[in-house]
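The next block is my_file_20.txt, given as compact mmCIF, C-alpha atoms.
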```txt
# COMPACT_ATOMS: atom_id res chain seq x y z
CA MET A 1 18.72 -5.15 40.86
CA THR A 2 15.57 -7.27 40.69
CA CYS A 3 14.66 -9.92 38.11
CA ASP A 4 11.82 -7.70 36.80
CA ALA A 5 14.16 -4.74 36.37
CA LEU A 6 16.65 -6.87 34.48
CA ASP A 7 13.90 -8.44 32.35
CA ALA A 8 13.21 -4.99 30.92
CA LEU A 9 16.89 -4.64 29.98
CA ILE A 10 17.68 -8.14 28.76
CA GLU A 11 17.22 -7.38 25.04
CA ALA A 12 19.44 -4.29 25.26
CA VAL A 13 22.09 -6.31 27.09
CA ALA A 14 21.77 -9.11 24.51
CA ASP A 15 22.35 -6.81 21.51
CA GLY A 16 25.09 -4.88 23.28
CA SER A 17 23.33 -1.53 23.43
CA GLN A 18 23.25 -1.78 27.25
CA PRO A 19 26.67 -2.47 28.76
CA ILE A 20 26.79 -5.05 31.55
CA ASP A 21 27.41 -2.79 34.55
CA PRO A 22 28.37 -4.15 38.00
CA ALA A 23 24.73 -4.25 39.18
CA ILE A 24 23.69 -6.36 36.20
CA ALA A 25 26.77 -8.54 36.43
CA SER A 26 26.27 -9.32 40.10
CA HIS A 27 22.58 -10.11 39.56
CA LEU A 28 23.38 -12.39 36.65
CA ALA A 29 26.06 -14.16 38.71
CA GLY A 30 23.49 -15.14 41.32
CA CYS A 31 20.36 -15.67 39.20
CA GLU A 32 20.06 -18.72 36.98
CA ARG A 33 16.70 -17.62 35.59
CA CYS A 34 17.96 -14.24 34.33
CA THR A 35 21.13 -15.85 32.98
CA ALA A 36 18.98 -18.30 31.03
CA GLN A 37 16.82 -15.46 29.77
CA LEU A 38 19.85 -13.52 28.60
CA ALA A 39 21.05 -16.62 26.76
CA ALA A 40 17.58 -16.97 25.18
CA ALA A 41 17.57 -13.32 24.15
CA ARG A 42 21.00 -13.72 22.54
CA ALA A 43 19.85 -16.87 20.76
CA ILE A 44 16.74 -15.09 19.44
CA ASP A 45 18.90 -12.18 18.26
CA GLY A 46 21.14 -14.64 16.43
CA LEU A 47 18.20 -16.43 14.83
CA LEU A 48 16.64 -13.15 13.75
CA SER A 49 19.81 -12.04 12.02
CA MET A 50 20.10 -15.42 10.26
CA ARG A 51 16.58 -15.43 8.82
CA GLU A 52 16.43 -16.05 5.13
CA VAL A 53 15.66 -13.11 2.89
CA PRO A 54 13.15 -14.14 0.23
CA VAL A 55 14.32 -13.31 -3.27
CA PRO A 56 11.70 -12.06 -5.73
CA PRO A 57 11.29 -14.41 -8.70
CA PRO A 58 12.52 -13.14 -12.10
CA ALA A 59 8.90 -12.80 -13.24
CA PHE A 60 8.05 -10.42 -10.40
CA THR A 61 8.67 -7.11 -12.20
CA PRO A 62 6.94 -8.20 -15.45
CA ALA A 63 3.97 -9.37 -13.35
CA VAL A 64 3.75 -5.97 -11.63
CA MET A 65 4.01 -4.16 -14.97
CA ALA A 66 1.27 -6.39 -16.44
CA ARG A 67 -1.02 -5.57 -13.50
CA VAL A 68 -0.25 -1.86 -13.88
CA GLY A 69 -1.15 -2.16 -17.58
CA GLN A 70 -4.41 -3.94 -16.71
CA ALA A 71 -5.31 -1.27 -14.14
CA ARG A 72 -4.60 1.48 -16.68
CA TRP A 73 -6.69 -0.32 -19.30
CA ARG A 74 -9.61 -0.53 -16.84
CA THR A 75 -9.36 3.19 -16.09
CA GLU A 76 -9.25 4.05 -19.78
CA ARG A 77 -12.21 1.80 -20.45
CA ALA A 78 -14.20 3.56 -17.72
CA ILE A 79 -13.29 6.95 -19.23
CA ASP A 80 -14.23 5.69 -22.71
CA LEU A 81 -17.56 4.52 -21.38
CA GLY A 82 -18.16 7.92 -19.75
CA PHE A 83 -17.22 9.62 -23.01
CA ASN A 84 -19.56 7.44 -25.06
CA LEU A 85 -22.42 7.98 -22.62
CA ALA A 86 -21.86 11.75 -22.67
CA MET A 87 -21.79 11.69 -26.48
CA ALA A 88 -24.99 9.64 -26.62
CA ALA A 89 -26.71 11.93 -24.09
CA GLY A 90 -25.57 15.02 -26.03
CA LEU A 91 -26.85 13.60 -29.31
CA LEU A 92 -30.15 12.62 -27.73
CA ILE A 93 -30.61 16.12 -26.31
CA ILE A 94 -29.75 17.67 -29.67
CA LEU A 95 -32.20 15.37 -31.42
CA ALA A 96 -34.88 16.09 -28.82
CA GLY A 97 -34.16 19.83 -29.02
CA GLY A 98 -34.27 19.73 -32.83
CA ALA A 99 -37.50 17.74 -32.78
CA GLY A 100 -38.99 20.15 -30.25
CA LEU A 101 -37.95 23.11 -32.33
CA ALA A 102 -39.32 21.53 -35.51
CA TRP A 103 -42.55 20.73 -33.74
CA SER A 104 -42.94 24.23 -32.35
CA LEU A 105 -42.24 25.67 -35.80
CA GLY A 106 -44.85 23.41 -37.30
CA PHE A 107 -42.48 21.40 -39.53
CA LEU A 108 -43.83 18.18 -38.19
CA THR A 109 -47.45 19.00 -38.89
CA VAL A 110 -48.79 17.03 -41.83
CA GLY A 111 -50.86 18.81 -44.48
CA ILE A 112 -50.05 22.29 -43.34
CA ASP A 113 -50.69 25.30 -45.54
CA SER A 114 -47.14 26.22 -46.55
CA ASP A 115 -47.89 29.89 -47.27
CA ALA A 116 -49.45 30.31 -43.88
CA MET A 117 -46.59 28.39 -42.30
CA TRP A 118 -43.87 30.59 -43.79
CA ALA A 119 -45.78 33.71 -42.87
CA PHE A 120 -46.05 32.40 -39.35
CA ILE A 121 -42.36 31.46 -39.20
CA GLY A 122 -41.31 34.84 -40.59
CA SER A 123 -43.17 36.66 -37.86
CA ASP A 124 -42.37 34.46 -34.91
CA VAL A 125 -39.27 32.41 -35.67
CA THR A 126 -36.79 34.34 -33.56
CA ALA A 127 -38.85 34.03 -30.41
CA ARG A 128 -39.37 30.31 -31.04
CA VAL A 129 -35.67 29.65 -31.61
CA LEU A 130 -34.77 31.65 -28.50
CA SER A 131 -37.06 29.49 -26.39
CA GLU A 132 -35.00 26.44 -27.43
CA VAL A 133 -31.62 28.09 -26.86
CA GLN A 134 -31.24 26.68 -23.34
CA THR A 135 -31.62 23.11 -24.61
CA LEU A 136 -29.22 23.68 -27.48
CA VAL A 137 -26.59 25.30 -25.22
CA MET A 138 -26.84 22.40 -22.77
CA SER A 139 -26.38 19.79 -25.48
CA ALA A 140 -23.48 21.75 -26.98
CA ALA A 141 -21.84 21.92 -23.54
CA LEU A 142 -22.26 18.17 -23.08
CA LEU A 143 -20.76 17.49 -26.47
CA THR A 144 -17.87 19.85 -25.77
CA THR A 145 -17.23 18.11 -22.42
CA ALA A 146 -17.21 14.74 -24.15
CA LEU A 147 -14.80 16.01 -26.81
CA VAL A 148 -12.48 17.56 -24.19
CA LEU A 149 -12.54 14.28 -22.26
CA TRP A 150 -11.68 12.39 -25.42
CA TRP A 151 -8.86 14.81 -26.22
CA TRP A 152 -7.51 14.50 -22.66
CA VAL A 153 -7.57 10.69 -22.77
CA GLU A 154 -5.83 10.64 -26.15
CA THR A 155 -3.09 13.09 -25.11
CA ALA A 156 -2.58 11.47 -21.67
CA GLY A 157 -2.08 8.10 -23.36
CA ASP A 158 0.74 9.42 -25.59
CA MET B 1 15.15 22.01 -4.42
CA THR B 2 17.98 19.93 -5.89
CA ALA B 3 16.84 17.07 -8.07
CA THR B 4 18.07 13.82 -6.52
CA PRO B 5 18.01 10.56 -8.49
CA GLU B 6 14.95 9.70 -6.40
CA THR B 7 13.01 12.84 -7.31
CA VAL B 8 13.99 12.43 -10.96
CA LEU B 9 12.75 8.84 -10.89
CA VAL B 10 9.46 9.89 -9.27
CA GLU B 11 9.00 12.66 -11.83
CA ARG B 12 9.63 10.26 -14.70
CA CYS B 13 7.09 7.84 -13.22
CA ARG B 14 4.55 10.65 -12.92
CA GLN B 15 5.01 11.49 -16.57
CA GLY B 16 3.97 7.95 -17.38
CA ASP B 17 7.46 6.65 -18.18
CA GLU B 18 6.99 2.88 -17.83
CA SER B 19 10.71 2.17 -17.75
CA ALA B 20 11.04 4.52 -14.76
CA PHE B 21 8.38 2.63 -12.85
CA ARG B 22 10.09 -0.64 -13.78
CA GLU B 23 13.30 0.78 -12.31
CA LEU B 24 11.45 1.71 -9.14
CA VAL B 25 10.01 -1.79 -8.83
CA ASP B 26 13.42 -3.35 -9.40
CA GLN B 27 14.94 -1.06 -6.79
CA TYR B 28 12.45 -1.84 -4.03
CA LYS B 29 11.04 -5.28 -4.83
CA GLY B 30 13.53 -7.12 -2.63
CA LEU B 31 12.78 -5.11 0.49
CA VAL B 32 9.04 -4.94 -0.16
CA LEU B 33 8.74 -8.68 -0.68
CA ALA B 34 11.01 -9.46 2.27
CA LEU B 35 8.98 -7.26 4.61
CA ILE B 36 5.70 -8.80 3.48
CA ALA B 37 6.96 -12.39 3.31
CA ARG B 38 8.22 -12.14 6.88
CA SER B 39 4.74 -11.25 8.07
CA VAL B 40 2.73 -13.44 5.71
CA SER B 41 4.26 -16.89 5.63
CA ASN B 42 2.36 -18.11 2.55
CA ARG B 43 4.91 -17.30 -0.13
CA ALA B 44 2.45 -17.07 -3.05
CA ARG B 45 0.18 -14.76 -1.07
CA ALA B 46 3.17 -12.66 -0.02
CA GLU B 47 4.17 -12.18 -3.67
CA GLU B 48 0.62 -11.25 -4.58
CA LEU B 49 0.54 -8.69 -1.76
CA ALA B 50 3.92 -7.29 -2.83
CA GLN B 51 2.51 -6.80 -6.33
CA GLU B 52 -0.54 -5.09 -4.83
CA ALA B 53 1.75 -2.79 -2.86
CA PHE B 54 3.45 -1.72 -6.08
CA LEU B 55 0.07 -1.18 -7.74
CA LYS B 56 -0.82 1.16 -4.88
CA VAL B 57 2.54 2.89 -5.31
CA HIS B 58 1.80 3.39 -9.01
CA LYS B 59 -1.67 4.69 -8.29
CA GLY B 60 -0.45 6.98 -5.51
CA LEU B 61 2.62 8.45 -7.23
CA PRO B 62 0.73 11.42 -8.71
CA TYR B 63 -0.20 12.39 -5.13
CA PHE B 64 3.24 11.77 -3.59
CA ARG B 65 4.33 15.23 -2.46
CA GLY B 66 7.88 14.34 -1.53
CA GLU B 67 7.47 15.41 2.10
CA SER B 68 9.02 12.14 3.20
CA ARG B 69 11.54 9.96 1.42
CA LEU B 70 10.16 7.72 -1.30
CA SER B 71 11.26 4.64 0.66
CA THR B 72 9.38 5.79 3.78
CA TRP B 73 6.27 6.37 1.70
CA ILE B 74 6.61 2.92 0.10
CA TYR B 75 7.08 1.27 3.53
CA ARG B 76 3.92 3.02 4.71
CA ILE B 77 2.04 1.45 1.81
CA VAL B 78 3.59 -1.94 2.60
CA ILE B 79 2.52 -1.62 6.25
CA ASN B 80 -1.03 -0.80 5.15
CA VAL B 81 -1.06 -3.80 2.83
CA ILE B 82 0.07 -6.09 5.68
CA ALA B 83 -2.46 -4.45 8.00
CA GLY B 84 -5.18 -5.21 5.46
CA GLU B 85 -4.12 -8.84 5.48
CA ARG B 86 -3.81 -9.10 9.27
CA PRO B 87 -6.26 -6.50 10.65
CA GLU B 88 -6.36 -8.09 14.11
CA LEU B 89 -2.66 -7.31 14.57
CA ALA B 90 -2.86 -3.80 13.21
CA THR B 91 -5.24 -2.64 15.92
CA ARG B 92 -3.63 -4.38 18.90
CA SER B 93 -2.06 -2.20 21.58
CA LEU B 94 1.72 -2.37 21.65
CA ASP B 95 1.80 -2.95 25.40
CA GLU B 96 -0.63 -5.81 25.26
CA GLU B 97 1.05 -9.20 25.36
CA PRO B 98 -0.14 -11.42 22.48
CA ALA B 99 -3.17 -13.51 23.42
CA ARG B 100 -2.30 -16.72 25.16
CA GLY B 101 -4.43 -18.92 22.96
CA GLY B 102 -3.93 -22.60 22.63
CA ARG B 103 -0.37 -23.67 22.34
CA ILE B 104 0.67 -23.68 18.70
CA GLU B 105 2.58 -26.75 17.74
CA PRO B 106 5.51 -26.42 15.38
CA ALA B 107 5.06 -27.88 11.95
CA ALA B 108 8.06 -30.17 12.04
CA ASP B 109 9.36 -32.81 14.39
CA ASP B 110 11.46 -31.43 17.24
CA ARG B 111 14.21 -33.98 17.37
CA ALA B 112 14.68 -34.42 13.67
CA PHE B 113 14.84 -30.81 12.59
CA GLY B 114 16.09 -28.77 15.52
CA ASP B 115 17.02 -25.67 13.56
CA LEU B 116 14.02 -25.80 11.29
CA VAL B 117 11.73 -26.16 14.26
CA MET B 118 13.30 -23.20 16.00
CA LYS B 119 12.93 -21.06 12.88
CA ASP B 120 9.36 -22.25 12.53
CA ARG B 121 8.61 -21.35 16.15
CA LEU B 122 10.26 -17.99 15.72
CA GLN B 123 8.21 -17.26 12.59
CA LYS B 124 4.96 -18.24 14.30
CA ALA B 125 5.80 -16.13 17.34
CA ILE B 126 6.66 -13.11 15.17
CA GLU B 127 3.37 -13.47 13.33
CA ARG B 128 1.54 -13.03 16.64
CA LEU B 129 3.20 -9.73 17.54
CA PRO B 130 1.35 -6.43 17.05
CA LEU B 131 1.93 -5.23 13.50
CA PRO B 132 4.31 -2.32 14.24
CA TYR B 133 6.52 -4.66 16.31
CA GLN B 134 6.46 -7.27 13.55
CA VAL B 135 7.46 -4.73 10.93
CA LEU B 136 10.20 -3.31 13.16
CA ILE B 137 11.71 -6.72 13.87
CA ASN B 138 11.35 -7.86 10.27
CA GLY B 139 12.89 -4.67 8.93
CA HIS B 140 15.66 -4.29 11.49
CA TYR B 141 17.45 -7.38 10.30
CA LEU B 142 17.11 -6.66 6.59
CA LYS B 143 20.22 -5.40 4.89
CA GLY B 144 19.67 -2.28 2.83
CA LEU B 145 16.72 -1.13 4.87
CA ARG B 146 17.19 1.89 7.10
CA TYR B 147 14.93 1.01 9.93
CA GLU B 148 14.69 4.68 10.94
CA GLU B 149 12.68 5.10 7.72
CA LEU B 150 10.55 2.16 8.75
CA ALA B 151 9.95 3.77 12.14
CA GLU B 152 8.92 6.98 10.39
CA ALA B 153 6.52 4.98 8.24
CA LEU B 154 5.12 3.46 11.45
CA ASN B 155 4.75 6.95 12.97
CA LEU B 156 7.04 5.97 15.84
CA PRO B 157 9.09 8.85 17.26
CA MET B 158 12.72 8.42 16.27
CA GLY B 159 13.93 8.62 19.85
CA THR B 160 11.84 5.63 20.83
CA VAL B 161 12.66 3.26 18.00
CA LYS B 162 15.30 1.33 19.95
CA THR B 163 12.98 1.09 22.95
CA HIS B 164 10.18 -0.24 20.75
CA LEU B 165 12.53 -2.72 19.13
CA HIS B 166 13.59 -4.02 22.55
CA ARG B 167 9.97 -4.26 23.67
CA ALA B 168 9.14 -6.16 20.49
CA LYS B 169 11.96 -8.60 21.13
CA ARG B 170 10.90 -8.98 24.76
CA GLN B 171 7.36 -9.89 23.71
CA LEU B 172 8.86 -12.33 21.24
CA ARG B 173 11.03 -13.91 23.95
CA HIS B 174 8.06 -14.22 26.32
CA LEU B 175 6.00 -15.84 23.56
CA LEU B 176 8.76 -18.32 22.77
CA GLU B 177 9.29 -19.08 26.46
CA THR B 178 5.65 -19.70 27.24
CA GLU B 179 3.92 -20.99 24.16
CA TYR B 180 6.50 -22.41 21.83
CA ARG B 181 8.62 -24.34 24.28
```
As structure tokens, what does this structure read like?
Amino acid sequence: MTCDALDALIEAVADGSQPIDPAIASHLAGCERCTAQLAAARAIDGLLSMREVPVPPPAFTPAVMARVGQARWRTERAIDLGFNLAMAAGLLIILAGGAGLAWSLGFLTVGIDSDAMWAFIGSDVTARVLSEVQTLVMSAALLTTALVLWWWVETAGD
Amino acid sequence: MTATPETVLVERCRQGDESAFRELVDQYKGLVLALIARSVSNRARAEELAQEAFLKVHKGLPYFRGESRLSTWIYRIVINVIAGERPELATRSLDEEPARGGRIEPAADDRAFGDLVMKDRLQKAIERLPLPYQVLINGHYLKGLRYEELAEALNLPMGTVKTHLHRAKRQLRHLLETEYR
């Protein structure tokens, strides 16, 4: 056996997983360097098994729970912000849609002849409302999404 | 599938049961902190990283599919946390001997504190090993930790764990012989 071959086995010999067979024994008997290395490997093994195990401080678990709470609060705040923005966007679209509808129906025109206006509305109102349906549906969908989000956050928090 | 205490605990955590997560932290905090503190010698930083590991556990629990044991999954998170702290060690090849930089002097006086110095040298040498070797050595000598689970978390084939452990210790011995004498 050569020194290099034994070097690859030293740790196994040191922890006992490799028995000292005659080849190893005879090499060790005649090689001071490998004997010293085996002693070093055994010493390292001993030191490793004697290393102190750090004990978590009593405040460790409460600190983790506080950080978990903070992280949850941040997530909820982000969801709340999304909800509020969706609500605001939905309301804005509804207002814009309503204003557009009112404008197209002539409600916003000052000094209009009311008889003529009602006659005009009576004949054409359905078509006018239908042209705004897309906007109204979109704003309703946004509001519904916001409400579902709110409901989900409230129930998930229980 | 039979519900083990572990799966019950995970399920309770998923349902948002805070006391279940507290139980989980209490169950694993010793091993998690020990593993991290043995790689990151600054104790305050090690505690902070251990807390971060548990935050990641909490965040990841809804996605934990139970394909591995909970402990293995937690060790994987711990290894990633250490890798984030010491990225240069996480990417180093296992066969590559640690860089022979300038000799690192121990922090204490040799003659006055023989044991302390040796422990200090050992710690510094361990901190220069590639991350998987560090984790293996640190975990192998921890009571209560099944280092087979650690090997699984490190993606090391089970049949080669012993070999890797011996290689890790050989690198450690070479480091101590050459640079920390």
Q) For Gly139 of chain B, which residue among A:Val133, A:Val148, A:Ala102, A:Leu48 is the nearest when counting all atoms listed in the file? A)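 Closest residue, counting all atoms listed in the file: A:Leu48.
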At a cut-off of 6 Å from (3.0, 13.4, -9.5) in the coordinates of the file, what residues are picked up using all atoms listed in the file, written as an mmCIF file with C-alpha atoms, in the frame of the given file?
```cif
data_model
loop_
_atom_site.group_PDB
_atom_site.id
_atom_site.type_symbol
_atom_site.label_atom_id
_atom_site.label_comp_id
_atom_site.auth_asym_id
_atom_site.auth_seq_id
_atom_site.Cartn_x
_atom_site.Cartn_y
_atom_site.Cartn_z
ATOM 1 C CA ARG B 14 4.550 10.650 -12.920
ATOM 2 C CA LEU B 61 2.620 8.450 -7.230
ATOM 3 C CA PRO B 62 0.730 11.420 -8.710
ATOM 4 C CA TYR B 63 -0.200 12.390 -5.130
#
```
Q: Using only C-alpha atoms, determine which residues of chain B fall within 6 Å of chain A; present them as a ChimeraX atom specification.
A: /B:34,51,141,166
Q: Tell me which of B:Leu175, B:Leu129, B:Val81, B:Val10 sits closest to Gly66 of chain B, counting only C-alpha atoms.
A: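 Looking at the shortest contact to Gly66 of chain B, the residue is B:Val10.
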Q: Return the single residue from B:Glu18, B:Glu177, B:Glu88, B:Glu47 that is closest to Glu127 of chain B, with distances computed using all atoms listed in the file.
A: B:Glu88
Q: Tell me, as a PyMOL selection string, which residues lie within 8 Å of Ile82 of chain B, counting only C-alpha atoms; anything in the same chain fewer than 4 positions away does not count.
A: chain B and resi 36+39-40+49+78+86
Q.
Report, in Å to a single decimal, how far apart atom CA of Ser139 of chain A and atom CA of Leu91 of chain A are.
A.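 For atom CA of Leu91 of chain A relative to atom CA of Ser139 of chain A, the distance reads 7.3 Å.
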Q.
Between atom CA of Trp152 of chain A and atom CA of Gly82 of chain A, what distance in Å does the model show, to one decimal?
A.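 We find that atom CA of Trp152 of chain A and atom CA of Gly82 of chain A lie 12.9 Å from each other.
Between Asn84 of chain A and the candidates A:Leu143, A:Cys31, A:Leu136, A:Leu6, the tightest atom-to-atom separation, counting only C-alpha atoms, involves A:Leu143.
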Q. In Å, with one decimal, what is the gap from atom CA of Thr144 of chain A to atom CA of Gln15 of chain B?
A. 26.0 Å
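Each of B:Arg128, B:Glu148, B:Cys13, B:Lys143 was checked against Ala168 of chain B using all atoms listed in the file; the smallest atom-to-atom distance is that of B:Arg128.
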Q) Which residue out of A:Glu76, A:Glu32, A:Asp4, A:Glu132 has the minimum interatomic distance to Leu149 of chain A when only C-alpha atoms are used? A)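 So, comparing all the options, the nearest one is A:Glu76.
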